[in-house]
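Source file query14.cif; content: mmCIF, C-alpha atoms.
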```cif
data_entry
#
loop_
_atom_site.label_atom_id
_atom_site.label_comp_id
_atom_site.auth_asym_id
_atom_site.auth_seq_id
_atom_site.Cartn_x
_atom_site.Cartn_y
_atom_site.Cartn_z
CA MET A 1 89.71 82.93 89.16
CA LYS A 2 87.76 82.30 92.35
CA LEU A 3 89.36 82.24 95.81
CA ASP A 4 88.00 81.80 99.31
CA VAL A 5 87.93 84.82 101.59
CA LEU A 6 89.29 84.14 105.06
CA LYS A 7 88.98 85.88 108.39
CA LEU A 8 91.96 86.46 110.65
CA ASP A 9 91.02 83.40 112.72
CA GLY A 10 91.21 81.20 109.61
CA SER A 11 87.47 80.72 109.14
CA LYS A 12 85.84 81.31 105.77
CA ALA A 13 83.96 84.51 104.96
CA GLY A 14 82.73 83.78 101.45
CA SER A 15 84.60 83.95 98.17
CA VAL A 16 85.76 86.53 95.67
CA GLU A 17 86.16 86.46 91.90
CA LEU A 18 89.55 87.75 90.74
CA ASP A 19 90.04 89.34 87.35
CA ASP A 20 92.14 87.08 85.12
CA ALA A 21 93.45 90.17 83.33
CA ILE A 22 95.21 91.09 86.59
CA PHE A 23 95.72 87.80 88.45
CA GLY A 24 95.94 85.42 85.49
CA VAL A 25 98.86 86.81 83.48
CA ALA A 26 101.73 84.48 82.62
CA PRO A 27 104.84 85.79 84.47
CA ARG A 28 108.00 86.71 82.58
CA ALA A 29 111.28 86.88 84.45
CA ASP A 30 112.68 89.62 82.21
CA ILE A 31 109.74 91.97 82.87
CA LEU A 32 109.85 91.37 86.62
CA HIS A 33 113.62 91.92 86.62
CA ARG A 34 113.27 95.24 84.80
CA VAL A 35 110.61 96.52 87.18
CA VAL A 36 112.49 95.46 90.32
CA ARG A 37 115.70 97.01 88.99
CA TYR A 38 113.76 100.22 88.23
CA GLN A 39 112.40 100.33 91.79
CA LEU A 40 115.70 99.65 93.52
CA ALA A 41 117.58 102.15 91.36
CA LYS A 42 115.01 104.81 92.14
CA ARG A 43 115.36 104.37 95.90
CA ARG A 44 119.16 104.74 95.91
CA ALA A 45 120.30 107.91 97.65
CA GLY A 46 123.18 108.59 95.27
CA THR A 47 125.02 110.64 97.91
CA HIS A 48 128.38 108.89 97.47
CA ASP A 49 131.17 111.38 96.86
CA THR A 50 134.94 111.58 96.60
CA GLN A 51 137.28 114.56 96.49
CA ASN A 52 139.13 115.27 93.31
CA ARG A 53 142.52 116.95 93.18
CA GLY A 54 140.93 120.40 93.30
CA GLU A 55 139.01 119.62 96.51
CA VAL A 56 141.58 117.97 98.76
CA SER A 57 143.13 120.11 101.48
CA ARG A 58 146.76 120.03 100.41
CA THR A 59 149.20 122.62 99.20
CA HIS A 60 149.14 123.48 95.54
CA SER A 61 152.73 124.71 95.61
CA LYS A 62 155.50 122.98 93.76
CA PHE A 63 157.19 120.78 96.36
CA GLY A 64 160.47 120.05 94.61
CA LYS A 65 162.91 121.41 92.12
CA GLN A 66 162.13 121.03 88.44
CA LYS A 67 165.48 119.40 87.80
CA GLY A 68 168.09 117.50 89.72
CA SER A 69 165.88 115.29 91.90
CA GLY A 70 166.25 112.25 89.69
CA GLY A 71 162.48 111.80 89.68
CA ALA A 72 159.47 112.99 87.76
CA ARG A 73 158.59 116.68 87.54
CA HIS A 74 155.56 117.36 89.78
CA GLY A 75 153.69 120.55 90.50
CA SER A 76 151.73 119.68 93.69
CA ARG A 77 150.95 116.87 96.13
CA ASN A 78 147.21 116.81 95.42
CA ALA A 79 147.60 114.68 92.30
CA PRO A 80 145.88 111.25 92.44
CA ILE A 81 149.20 109.39 92.33
CA PHE A 82 150.20 110.70 95.78
CA ARG A 83 149.00 109.42 99.14
CA GLY A 84 146.43 111.91 100.44
CA GLY A 85 145.84 113.31 96.99
CA GLY A 86 142.57 113.55 95.11
CA VAL A 87 140.67 110.59 93.68
CA ALA A 88 140.65 110.18 89.93
CA HIS A 89 137.31 109.28 88.32
CA GLY A 90 135.63 108.71 91.70
CA PRO A 91 131.86 108.76 92.33
CA HIS A 92 129.96 112.01 92.83
CA PRO A 93 126.34 112.70 93.90
CA ARG A 94 123.88 111.75 91.19
CA SER A 95 120.49 110.15 90.64
CA HIS A 96 120.50 106.45 89.80
CA ALA A 97 116.88 106.54 88.60
CA HIS A 98 116.11 105.56 85.05
CA SER A 99 112.91 105.61 83.05
CA LEU A 100 110.63 102.65 82.42
CA ASN A 101 107.44 102.73 80.38
CA LYS A 102 104.18 102.84 82.32
CA LYS A 103 102.87 99.84 80.41
CA VAL A 104 105.91 97.78 81.43
CA ARG A 105 105.53 98.79 85.07
CA ALA A 106 101.83 97.94 85.03
CA LEU A 107 102.55 94.60 83.34
CA GLY A 108 105.19 93.81 85.96
CA MET A 109 102.68 94.46 88.75
CA LYS A 110 100.13 92.17 87.12
CA MET A 111 102.75 89.45 86.65
CA ALA A 112 103.85 89.67 90.28
CA LEU A 113 100.25 89.30 91.48
CA SER A 114 99.64 86.50 89.00
CA ALA A 115 102.77 84.65 90.13
CA LYS A 116 101.57 84.63 93.74
CA ALA A 117 98.12 83.44 92.67
CA ALA A 118 99.53 80.69 90.44
CA GLU A 119 101.79 79.24 93.16
CA GLY A 120 99.03 79.32 95.79
CA SER A 121 100.72 82.04 97.83
CA LEU A 122 97.83 84.51 97.60
CA ILE A 123 95.48 84.85 100.58
CA ILE A 124 92.35 86.99 100.52
CA LEU A 125 91.50 88.45 103.91
CA ASP A 126 88.07 89.75 104.80
CA GLN A 127 89.42 92.60 106.94
CA ALA A 128 92.92 93.46 108.13
CA THR A 129 91.78 94.89 111.44
CA LEU A 130 92.31 94.25 115.14
CA ASP A 131 90.39 95.38 118.22
CA ALA A 132 93.62 96.21 120.06
CA PRO A 133 97.27 96.61 119.04
CA LYS A 134 98.35 93.24 120.47
CA THR A 135 101.23 91.49 118.71
CA LYS A 136 100.52 88.25 120.58
CA VAL A 137 96.96 88.14 119.24
CA LEU A 138 98.13 88.88 115.72
CA LEU A 139 100.76 86.12 115.87
CA GLU A 140 98.11 83.63 116.98
CA ASN A 141 95.96 84.59 114.01
CA PHE A 142 98.94 84.41 111.66
CA GLY A 143 99.62 80.91 112.96
CA LYS A 144 96.09 79.86 111.97
CA LEU A 145 96.64 81.29 108.50
CA GLY A 146 100.12 79.79 108.20
CA LEU A 147 101.84 83.16 107.79
CA THR A 148 105.49 83.55 108.78
CA ASN A 149 106.77 85.64 105.89
CA ALA A 150 104.16 87.83 104.25
CA LEU A 151 103.16 91.14 102.74
CA VAL A 152 99.77 92.39 103.94
CA ILE A 153 97.96 94.97 101.83
CA GLY A 154 95.06 96.82 103.46
CA GLY A 155 92.68 99.36 102.02
CA ALA A 156 93.21 103.06 101.42
CA GLN A 157 94.23 103.35 105.09
CA VAL A 158 95.81 100.58 107.13
CA ASP A 159 94.08 99.82 110.43
CA THR A 160 96.17 101.47 113.17
CA ASN A 161 95.87 98.57 115.62
CA PHE A 162 96.84 96.06 112.95
CA GLN A 163 99.84 98.12 111.86
CA LEU A 164 101.07 98.63 115.42
CA ALA A 165 100.75 94.94 116.20
CA ALA A 166 102.53 93.88 113.01
CA ARG A 167 105.51 96.20 113.26
CA ASN A 168 107.15 93.93 115.86
CA VAL A 169 106.71 90.81 113.72
CA PRO A 170 109.80 89.93 111.65
CA ASN A 171 109.42 89.24 107.93
CA VAL A 172 105.94 90.80 107.82
CA ASP A 173 105.24 94.05 105.98
CA VAL A 174 101.96 95.96 106.12
CA LEU A 175 101.19 98.54 103.44
CA PRO A 176 98.14 100.48 102.21
CA ALA A 177 96.78 99.67 98.78
CA ALA A 178 98.65 102.62 97.27
CA GLY A 179 101.94 101.15 98.50
CA LEU A 180 101.59 97.88 96.58
CA ASN A 181 104.75 97.32 94.54
CA VAL A 182 106.49 94.53 92.64
CA TYR A 183 109.62 94.32 94.80
CA ASP A 184 107.77 93.85 98.10
CA VAL A 185 105.38 91.34 96.54
CA LEU A 186 108.25 89.17 95.28
CA ARG A 187 110.44 89.40 98.37
CA ARG A 188 107.80 87.92 100.69
CA HIS A 189 106.62 84.30 100.57
CA LYS A 190 102.92 85.10 100.96
CA LEU A 191 100.75 87.94 99.67
CA VAL A 192 97.72 88.84 101.78
CA LEU A 193 95.12 91.12 100.21
CA SER A 194 92.07 92.47 101.98
CA ARG A 195 88.74 92.90 100.21
CA ASP A 196 89.39 96.65 100.11
CA ALA A 197 92.78 96.00 98.52
CA ILE A 198 91.19 93.88 95.78
CA GLU A 199 88.79 96.71 94.96
CA ALA A 200 91.62 99.25 94.97
CA ILE A 201 93.75 97.11 92.66
CA SER A 202 90.87 96.65 90.24
CA ALA A 203 90.21 100.39 90.23
CA ARG A 204 93.92 101.07 89.80
CA PHE A 205 94.20 99.10 86.59
CA ALA A 206 90.80 100.23 85.35
CA SER A 207 92.03 103.83 85.32
CA LYS A 208 93.44 104.79 81.94
CA GLY A 209 97.21 105.16 81.94
CA GLU A 210 97.64 103.97 85.53
CA ALA A 211 100.92 102.13 86.12
CA ALA A 212 102.42 100.16 88.94
#
```
For this file, produce the structure as structure tokens.
Amino acid sequence: MKLDVLKLDGSKAGSVELDDAIFGVAPRADILHRVVRYQLAKRRAGTHDTQNRGEVSRTHSKFGKQKGSGGARHGSRNAPIFRGGGVAHGPHPRSHAHSLNKKVRALGMKMALSAKAAEGSLIILDQATLDAPKTKVLLENFGKLGLTNALVIGGAQVDTNFQLAARNVPNVDVLPAAGLNVYDVLRRHKLVLSRDAIEAISARFASKGEAA
């Protein structure tokens, strides 16, 4: 697959050949769903907590007579059936992460990249750099490229001026090549890859056992 390489001002800067083994894979909704679910589950804090009947601050003494009240025989007010008592079967801190095979994660990443390429939502940028951290200048360049909702992937390190200028732009994310992930690729309308990002992605999948 061959795509034109563009500069920030929209002019052409040559072309690049993309590996069909990475950018030409037929997408499968079930694989993408599994990878996105894996990512979102992994990022959950899991700090939700409720107090059970042994943790609530209430008396543990028997509050009524065993007989003669005409009601049930209770031992303390911290039981879940009472107002202010403990919670039965409530959530407690835990990890929501689950395992997913490396091959499935890598396949999901390839499918996400391929989906963007197939629908014409992939833009190859010569360099994701700016001379000064000016949001106005970056927005003008984005207008020439037709970008309003995009994920921009730089090289090993994102240009500081570019990152500072982009952080005030809504619906635009800027990540280094190592931060490329399926969820962020799918949630943005356009995917912008620099030349350095293309090389990093190729090296990433060339490494044995490397996953998304």
inquiry  = Env of range 109-118 of chain A: 12 Å cut, atoms = all atoms listed in the file, seq-sep filter 6 positions within chain, self excluded. Answer as a ChimeraX atom specification.
reply    = /A:1-3,18-36,39,102-103,124,150-151,179-193,198,201-202,204-205,210-212
request  = Decode the PyMOL selection byres ((chain A and resi 81-86) around 12) for the given file into explicit residues and return them as a count of residues only.
outcome  = 24
query = CA of Ala156 in chain A and CA of Ala177 in chain A, how far apart in Å?
reply = 5.6 Å
note = Computed gap from CA of Arg44 in chain A to CA of Ser95 in chain A is 7.7 Å
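One distance worth recording is that between CA of Ser15 in chain A and CA of Leu107 in chain A, which is 25.6 Å.
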remark   = Judged by only C-alpha atoms, the minimum distance to Gly146 in chain A among A:Ile123, A:Ala178, A:Ala45, A:Val169 is found for A:Ile123
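When you apply the PyMOL selection byres ((chain A and resi 134) around 9) to this structure, what comes back is Leu130, Asp131, Ala132, Pro133, Thr135, Lys136, Val137, Leu138, Leu139, Asn161, Phe162, Leu164, Ala165 and Ala166 of chain A.
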Take the residues from that selection and write them out as a compact mmCIF listing (two decimals), keeping the file's coordinate frame, keeping C-alpha atoms.
```
# COMPACT_ATOMS: atom_id res chain seq x y z
CA LEU A 130 92.31 94.25 115.14
CA ASP A 131 90.39 95.38 118.22
CA ALA A 132 93.62 96.21 120.06
CA PRO A 133 97.27 96.61 119.04
CA THR A 135 101.23 91.49 118.71
CA LYS A 136 100.52 88.25 120.58
CA VAL A 137 96.96 88.14 119.24
CA LEU A 138 98.13 88.88 115.72
CA LEU A 139 100.76 86.12 115.87
CA ASN A 161 95.87 98.57 115.62
CA PHE A 162 96.84 96.06 112.95
CA LEU A 164 101.07 98.63 115.42
CA ALA A 165 100.75 94.94 116.20
CA ALA A 166 102.53 93.88 113.01
```
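With all atoms listed in the file taken into account, the protein and nucleic acid residues at most 12 Å from Arg73 in chain A (excluding it and anything under 5 positions from it in its own chain) are A:Lys62, A:Phe63, A:Gly64, A:Lys65, A:Gln66, A:Lys67, A:Gly68.
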Give me the box for range 77-94 of chain A as JSON, namely the centre and edge lengths in Å to one decimal of a box along x, y and z that holds every listed atom plus 6 Å on each side.
```
{"center_x": 137.4, "center_y": 112.8, "center_z": 94.4, "size_x": 39.1, "size_y": 20.2, "size_z": 24.1}
```
request  = Determine the nearest neighbour of Pro176 in chain A from the options A:Gln127, A:Gln157, A:Ser194, A:Gly70, counting only C-alpha atoms.
outcome  = A:Gln157
remark   = Shortest contact to Asp4 in chain A, candidates A:Gly71, A:Leu122, A:Asn141, A:Val152, atoms counted all atoms listed in the file, goes to A:Leu122
inquiry  = Taking all atoms listed in the file into account, name the residue in A:Asn149, A:Ser69, A:Thr129, A:Asn171 that is nearest to Asp9 in chain A.
reply    = A:Thr129
key: Polymer residues at most 10 Å from His98 in chain A, all atoms listed in the file, same-chain spacing of 5 or more positions, as an NGL selection string   = :A and (37-39 or 41-42)
Just want the 8 Å neighbourhood of Ala13 in chain A, counted on only C-alpha atoms, with same-chain residues fewer than 6 positions away dropped. Output as a PDB file with C-alpha atoms, in the coordinates of the input.
```pdb
ATOM      1  CA  ASP A   4      88.000  81.800  99.310  1.00  0.00           C
ATOM      2  CA  VAL A   5      87.930  84.820 101.590  1.00  0.00           C
ATOM      3  CA  LEU A   6      89.290  84.140 105.060  1.00  0.00           C
ATOM      4  CA  LYS A   7      88.980  85.880 108.390  1.00  0.00           C
ATOM      5  CA  ASP A 126      88.070  89.750 104.800  1.00  0.00           C
TER       6      ASP A 126
END
```
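Considering all atoms listed in the file, the residue among A:Gly14, A:Gly154, A:Gly108, A:Pro93 positioned nearest to His48 in chain A is A:Pro93.
Among the candidates A:Ile153, A:Leu100, A:Leu145, A:Leu40, the one nearest to Asp196 in chain A when counting only C-alpha atoms is A:Ile153.
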